[in-house]
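*Asks:* Input structure: final30.cif, which contains mmCIF, C-alpha atoms.
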data_my_file
loop_
_atom_site.group_PDB
_atom_site.id
_atom_site.type_symbol
_atom_site.label_atom_id
_atom_site.label_comp_id
_atom_site.auth_asym_id
_atom_site.auth_seq_id
_atom_site.Cartn_x
_atom_site.Cartn_y
_atom_site.Cartn_z
ATOM 1 C CA MET A 1 14.864 0.867 19.472
ATOM 2 C CA ILE A 2 18.204 -0.604 18.384
ATOM 3 C CA HIS A 3 16.722 -0.847 14.887
ATOM 4 C CA ILE A 4 16.226 2.946 14.771
ATOM 5 C CA ILE A 5 19.762 3.586 16.045
ATOM 6 C CA ILE A 6 21.322 1.330 13.397
ATOM 7 C CA GLU A 7 19.240 2.892 10.640
ATOM 8 C CA GLY A 8 20.121 6.348 11.967
ATOM 9 C CA ILE A 9 23.815 5.509 11.709
ATOM 10 C CA LEU A 10 23.286 4.232 8.170
ATOM 11 C CA ALA A 11 21.319 7.386 7.277
ATOM 12 C CA TYR A 12 24.196 9.478 8.644
ATOM 13 C CA ALA A 13 26.684 7.483 6.540
ATOM 14 C CA ALA A 14 24.523 7.797 3.409
ATOM 15 C CA THR A 15 24.176 11.541 3.900
ATOM 16 C CA VAL A 16 27.887 12.074 4.449
ATOM 17 C CA GLY A 17 28.746 9.791 1.531
ATOM 18 C CA PHE A 18 26.453 11.687 -0.809
ATOM 19 C CA GLY A 19 27.871 14.959 0.519
ATOM 20 C CA ILE A 20 31.351 13.749 -0.381
ATOM 21 C CA ILE A 21 30.156 12.831 -3.881
ATOM 22 C CA LEU A 22 28.633 16.321 -4.236
ATOM 23 C CA ASN A 23 31.896 17.813 -2.978
ATOM 24 C CA ILE A 24 30.367 19.948 -0.237
ATOM 25 C CA PRO A 25 32.880 21.562 2.137
ATOM 26 C CA ARG A 26 34.270 19.244 4.784
ATOM 27 C CA HIS A 27 33.136 21.349 7.715
ATOM 28 C CA ALA A 28 29.531 20.971 6.490
ATOM 29 C CA LEU A 29 29.619 17.165 6.168
ATOM 30 C CA ASN A 30 29.141 16.298 9.827
ATOM 31 C CA VAL A 31 26.218 18.694 10.295
ATOM 32 C CA ALA A 32 24.562 17.485 7.082
ATOM 33 C CA GLY A 33 25.004 13.893 8.291
ATOM 34 C CA TRP A 34 23.292 14.633 11.583
ATOM 35 C CA ILE A 35 20.454 16.421 9.818
ATOM 36 C CA GLY A 36 19.945 13.442 7.496
ATOM 37 C CA ALA A 37 20.007 11.021 10.428
ATOM 38 C CA ALA A 38 17.514 13.151 12.372
ATOM 39 C CA GLY A 39 15.159 13.278 9.385
ATOM 40 C CA TRP A 40 15.304 9.529 8.937
ATOM 41 C CA ALA A 41 14.788 8.902 12.672
ATOM 42 C CA VAL A 42 11.677 11.100 12.709
ATOM 43 C CA TYR A 43 10.310 9.276 9.676
ATOM 44 C CA GLU A 44 10.998 5.889 11.278
ATOM 45 C CA LEU A 45 9.375 6.877 14.570
ATOM 46 C CA ILE A 46 6.209 7.963 12.769
ATOM 47 C CA VAL A 47 6.045 4.942 10.464
ATOM 48 C CA LEU A 48 7.102 2.442 13.148
ATOM 49 C CA LYS A 49 3.689 2.730 14.826
ATOM 50 C CA SER A 50 1.904 1.326 11.786
ATOM 51 C CA GLY A 51 3.499 -2.129 11.854
ATOM 52 C CA PRO A 52 4.744 -4.210 8.922
ATOM 53 C CA GLN A 53 2.114 -2.992 6.416
ATOM 54 C CA ILE A 54 2.654 0.760 6.128
ATOM 55 C CA PRO A 55 -0.384 2.674 4.865
ATOM 56 C CA LEU A 56 0.394 5.330 2.279
ATOM 57 C CA ALA A 57 -1.092 8.077 4.462
ATOM 58 C CA GLN A 58 1.210 7.145 7.359
ATOM 59 C CA MET A 59 4.210 7.091 5.012
ATOM 60 C CA ALA A 60 3.221 10.488 3.605
ATOM 61 C CA ILE A 61 2.873 12.035 7.072
ATOM 62 C CA GLY A 62 6.281 10.641 8.016
ATOM 63 C CA MET A 63 7.887 12.077 4.892
ATOM 64 C CA LEU A 64 6.203 15.456 5.399
ATOM 65 C CA THR A 65 7.443 15.642 8.980
ATOM 66 C CA ALA A 66 10.943 14.500 8.037
ATOM 67 C CA GLY A 67 11.089 17.000 5.159
ATOM 68 C CA LEU A 68 9.932 19.774 7.482
ATOM 69 C CA LEU A 69 12.558 18.868 10.070
ATOM 70 C CA ILE A 70 15.334 18.628 7.471
ATOM 71 C CA GLY A 71 14.322 21.997 6.033
ATOM 72 C CA VAL A 72 14.267 23.761 9.408
ATOM 73 C CA LEU A 73 17.542 22.203 10.570
ATOM 74 C CA SER A 74 19.201 22.973 7.229
ATOM 75 C CA ASN A 75 18.180 26.621 7.472
ATOM 76 C CA TRP A 76 19.489 26.766 11.026
ATOM 77 C CA ALA A 77 22.795 25.116 10.053
ATOM 78 C CA ALA A 78 23.185 27.476 7.098
ATOM 79 C CA ARG A 79 22.824 30.487 9.386
ATOM 80 C CA VAL A 80 25.222 29.102 11.984
ATOM 81 C CA LYS A 81 27.838 27.959 9.462
ATOM 82 C CA HIS A 82 27.355 30.946 7.097
ATOM 83 C CA MET A 83 26.876 28.621 4.139
ATOM 84 C CA PRO A 84 24.108 28.100 1.554
ATOM 85 C CA VAL A 85 21.108 26.056 2.688
ATOM 86 C CA ILE A 86 21.382 23.732 -0.298
ATOM 87 C CA LEU A 87 24.646 22.310 1.069
ATOM 88 C CA PHE A 88 22.642 20.819 3.930
ATOM 89 C CA ASN A 89 19.270 20.180 2.222
ATOM 90 C CA ILE A 90 20.359 18.037 -0.704
ATOM 91 C CA PRO A 91 22.595 15.495 1.055
ATOM 92 C CA SER A 92 20.176 15.261 4.004
ATOM 93 C CA LEU A 93 17.222 14.197 1.913
ATOM 94 C CA VAL A 94 19.082 11.254 0.334
ATOM 95 C CA PRO A 95 17.924 8.716 2.964
ATOM 96 C CA LEU A 96 14.305 9.705 2.240
ATOM 97 C CA VAL A 97 14.413 9.378 -1.558
ATOM 98 C CA PRO A 98 11.981 6.678 -2.745
ATOM 99 C CA GLY A 99 14.533 4.796 -4.843
ATOM 100 C CA GLY A 100 13.131 1.353 -4.056
ATOM 101 C CA GLN A 101 9.644 2.323 -5.156
ATOM 102 C CA ALA A 102 10.968 3.997 -8.320
ATOM 103 C CA TYR A 103 12.848 0.801 -9.157
ATOM 104 C CA GLN A 104 9.663 -1.226 -8.663
ATOM 105 C CA VAL A 105 7.773 1.096 -11.031
ATOM 106 C CA ILE A 106 10.270 0.464 -13.834
ATOM 107 C CA ARG A 107 10.587 -3.243 -13.049
ATOM 108 C CA ASN A 108 6.834 -3.816 -13.113
ATOM 109 C CA LEU A 109 6.403 -1.758 -16.267
ATOM 110 C CA VAL A 110 9.051 -3.833 -18.045
ATOM 111 C CA THR A 111 7.574 -7.135 -16.878
ATOM 112 C CA GLY A 112 4.088 -6.122 -17.972
ATOM 113 C CA HIS A 113 2.469 -5.571 -14.570
ATOM 114 C CA GLY A 114 1.001 -2.135 -15.220
ATOM 115 C CA ASN A 115 -1.394 -2.092 -12.257
ATOM 116 C CA ILE A 116 1.349 -2.849 -9.746
ATOM 117 C CA ALA A 117 3.554 -0.240 -11.412
ATOM 118 C CA LEU A 118 0.814 2.365 -10.996
ATOM 119 C CA ASP A 119 0.562 1.556 -7.279
ATOM 120 C CA TYR A 120 4.292 2.115 -6.841
ATOM 121 C CA LEU A 121 4.137 5.247 -8.986
ATOM 122 C CA GLY A 122 1.496 6.636 -6.632
ATOM 123 C CA GLN A 123 3.840 5.994 -3.715
ATOM 124 C CA VAL A 124 6.733 7.717 -5.485
ATOM 125 C CA ILE A 125 4.618 10.772 -6.284
ATOM 126 C CA ALA A 126 3.198 10.939 -2.741
ATOM 127 C CA ILE A 127 6.614 10.599 -1.107
ATOM 128 C CA ALA A 128 8.317 13.129 -3.381
ATOM 129 C CA GLY A 129 5.407 15.530 -2.988
ATOM 130 C CA MET A 130 5.461 15.302 0.798
ATOM 131 C CA ILE A 131 9.216 15.882 0.943
ATOM 132 C CA ALA A 132 8.808 18.947 -1.296
ATOM 133 C CA LEU A 133 5.871 20.204 0.775
ATOM 134 C CA GLY A 134 7.921 19.742 3.948
ATOM 135 C CA PHE A 135 10.735 21.837 2.457
ATOM 136 C CA LEU A 136 8.234 24.484 1.370
ATOM 137 C CA LEU A 137 6.619 24.654 4.814
ATOM 138 C CA SER A 138 10.001 24.818 6.524
ATOM 139 C CA GLU A 139 11.077 27.690 4.297
ATOM 140 C CA LEU A 140 7.815 29.483 5.079
ATOM 141 C CA LEU A 141 8.237 28.857 8.804
ATOM 142 C CA VAL A 142 11.829 30.110 8.801
ATOM 143 C CA ARG A 143 10.943 33.266 6.871
ATOM 144 C CA ILE A 144 7.991 34.084 9.129
ATOM 145 C CA THR A 145 10.158 33.542 12.210
ATOM 146 C CA TYR A 146 12.941 35.687 10.733
ATOM 147 C CA ARG A 147 10.557 38.552 9.905
ATOM 148 C CA LEU A 148 8.882 38.403 13.311
ATOM 149 C CA ARG A 149 12.257 38.515 15.013
ATOM 150 C CA HIS A 150 13.294 41.577 12.984
ATOM 151 C CA ALA A 151 9.940 43.271 13.557
ATOM 152 C CA LEU A 152 10.255 42.755 17.309
ATOM 153 C CA LYS A 153 13.820 44.089 17.310
ATOM 154 C CA ALA A 154 12.702 47.239 15.458
ATOM 155 C CA LYS A 155 10.219 48.080 18.219
#
Let's see the structure in the file written out as structure tokens.
*Replies:*
Amino acid sequence: MIHIIIEGILAYAATVGFGIILNIPRHALNVAGWIGAAGWAVYELIVLKSGPQIPLAQMAIGMLTAGLLIGVLSNWAARVKHMPVILFNIPSLVPLVPGGQAYQVIRNLVTGHGNIALDYLGQVIAIAGMIALGFLLSELLVRITYRLRHALKAK
């Protein structure tokens, strides 16, 4: 449990740091940090069950869930703060980016280990695809909820 808390703090710091680099407004930094930390914590809780060897399917489900949560929370924060959603989405997904796997793809390609590079490339594509699908589903969920709310108010 302490492991998740420490990684959550580091995810918060990474999100806020990337938000500073992107020059997002200061009053959006804290919320973006919490969204990034929440996304990482959800991913860790899902993947933690699988033990030291993480199957790709488990990793993909974790990324999909984290992307969905980040998307929904970013939409909520954008409405509350009256700011664009992208100010919360982009910094919050930084802890989920498969940078380590992308590095391994290039490293193994350069050293001549094409089969290992293809394995890592599959991971990169699966992770990036699941994050994108999570954002897409969250956008769909938010729009359906918004339209239902307006339809119910009109009655």
*Asks:* Please write as a tab-separated table (two decimals) with C-alpha atoms, in the frame of the given file the full residue list that the PyMOL selection byres ((chain A and resi 141) around 12) yields on this file.
*Replies:*
chain	number	residue	atom	x	y	z
A	68	LEU	CA	9.93	19.77	7.48
A	69	LEU	CA	12.56	18.87	10.07
A	71	GLY	CA	14.32	22.00	6.03
A	72	VAL	CA	14.27	23.76	9.41
A	73	LEU	CA	17.54	22.20	10.57
A	75	ASN	CA	18.18	26.62	7.47
A	76	TRP	CA	19.49	26.77	11.03
A	134	GLY	CA	7.92	19.74	3.95
A	135	PHE	CA	10.74	21.84	2.46
A	136	LEU	CA	8.23	24.48	1.37
A	137	LEU	CA	6.62	24.65	4.81
A	138	SER	CA	10.00	24.82	6.52
A	139	GLU	CA	11.08	27.69	4.30
A	140	LEU	CA	7.82	29.48	5.08
A	142	VAL	CA	11.83	30.11	8.80
A	143	ARG	CA	10.94	33.27	6.87
A	144	ILE	CA	7.99	34.08	9.13
A	145	THR	CA	10.16	33.54	12.21
A	146	TYR	CA	12.94	35.69	10.73
A	147	ARG	CA	10.56	38.55	9.90
A	148	LEU	CA	8.88	38.40	13.31
*Asks:* Determine, counting all atoms listed in the file, which protein, DNA and RNA residues have an atom within 12 Å of an atom of range 54-63 of chain A; residues of the same chain fewer than 3 positions away are not included. Present the result as a ChimeraX atom specification.
*Replies:* /A:39-51,66-71,93,95-98,119-135
*Asks:* Determine the nearest neighbour of Val85 in chain A from the options A:Ala28, A:Ala38, A:Leu152, A:Leu64, counting all atoms listed in the file.
*Replies:*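 Closest to Val85 in chain A, using all atoms listed in the file: A:Ala28.
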*Asks:* Running the PyMOL selection byres ((chain A and resi 10) around 12) on this model by hand, what would come out? Give it as a PyMOL selection string.
*Replies:* chain A and resi 3-9+11-17+33-34+36-38+40-41+94-95
*Asks:* Do a neighbour search on Pro91 in chain A at 7 Å with all atoms listed in the file, toss out local chain neighbours closer than 5 positions, and write the hits as a list in words.
*Replies:*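 So, after excluding close chain neighbours, the residues are Thr15, Phe18, Gly19 and Ala32 of chain A.
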*Asks:* Next, the residues of the selection above should be written as an mmCIF file, in the frame of the given file with C-alpha atoms.
*Replies:*
data_model
loop_
_atom_site.group_PDB
_atom_site.id
_atom_site.type_symbol
_atom_site.label_atom_id
_atom_site.label_comp_id
_atom_site.auth_asym_id
_atom_site.auth_seq_id
_atom_site.Cartn_x
_atom_site.Cartn_y
_atom_site.Cartn_z
ATOM 1 C CA THR A 15 24.176 11.541 3.900
ATOM 2 C CA PHE A 18 26.453 11.687 -0.809
ATOM 3 C CA GLY A 19 27.871 14.959 0.519
ATOM 4 C CA ALA A 32 24.562 17.485 7.082
#
*Asks:* In Å to one decimal, how far is CA of Ile86 in chain A from CA of Leu29 in chain A?
*Replies:*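 Going from CA of Leu29 in chain A over to CA of Ile86 in chain A covers 12.4 Å.
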*Asks:* What's the separation between CA of Pro25 in chain A and CA of Ala78 in chain A, in Å to one decimal place?
*Replies:* 12.4 Å
*Asks:* Provide the CA of His27 in chain A to CA of Met83 in chain A distance in Å, to one decimal place.
*Replies:*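 Between CA of His27 in chain A and CA of Met83 in chain A the gap is 10.2 Å.
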*Asks:* Calculate, to one decimal in Å, the centre and edge lengths of the box along x, y and z of the file that holds all listed atoms of range 68-84 of chain A with 6 Å of margin on each side, and present them as AutoDock Vina command-line options.
*Replies:*
--center_x 18.9 --center_y 24.8 --center_z 6.8 --size_x 29.9 --size_y 24.3 --size_z 22.4
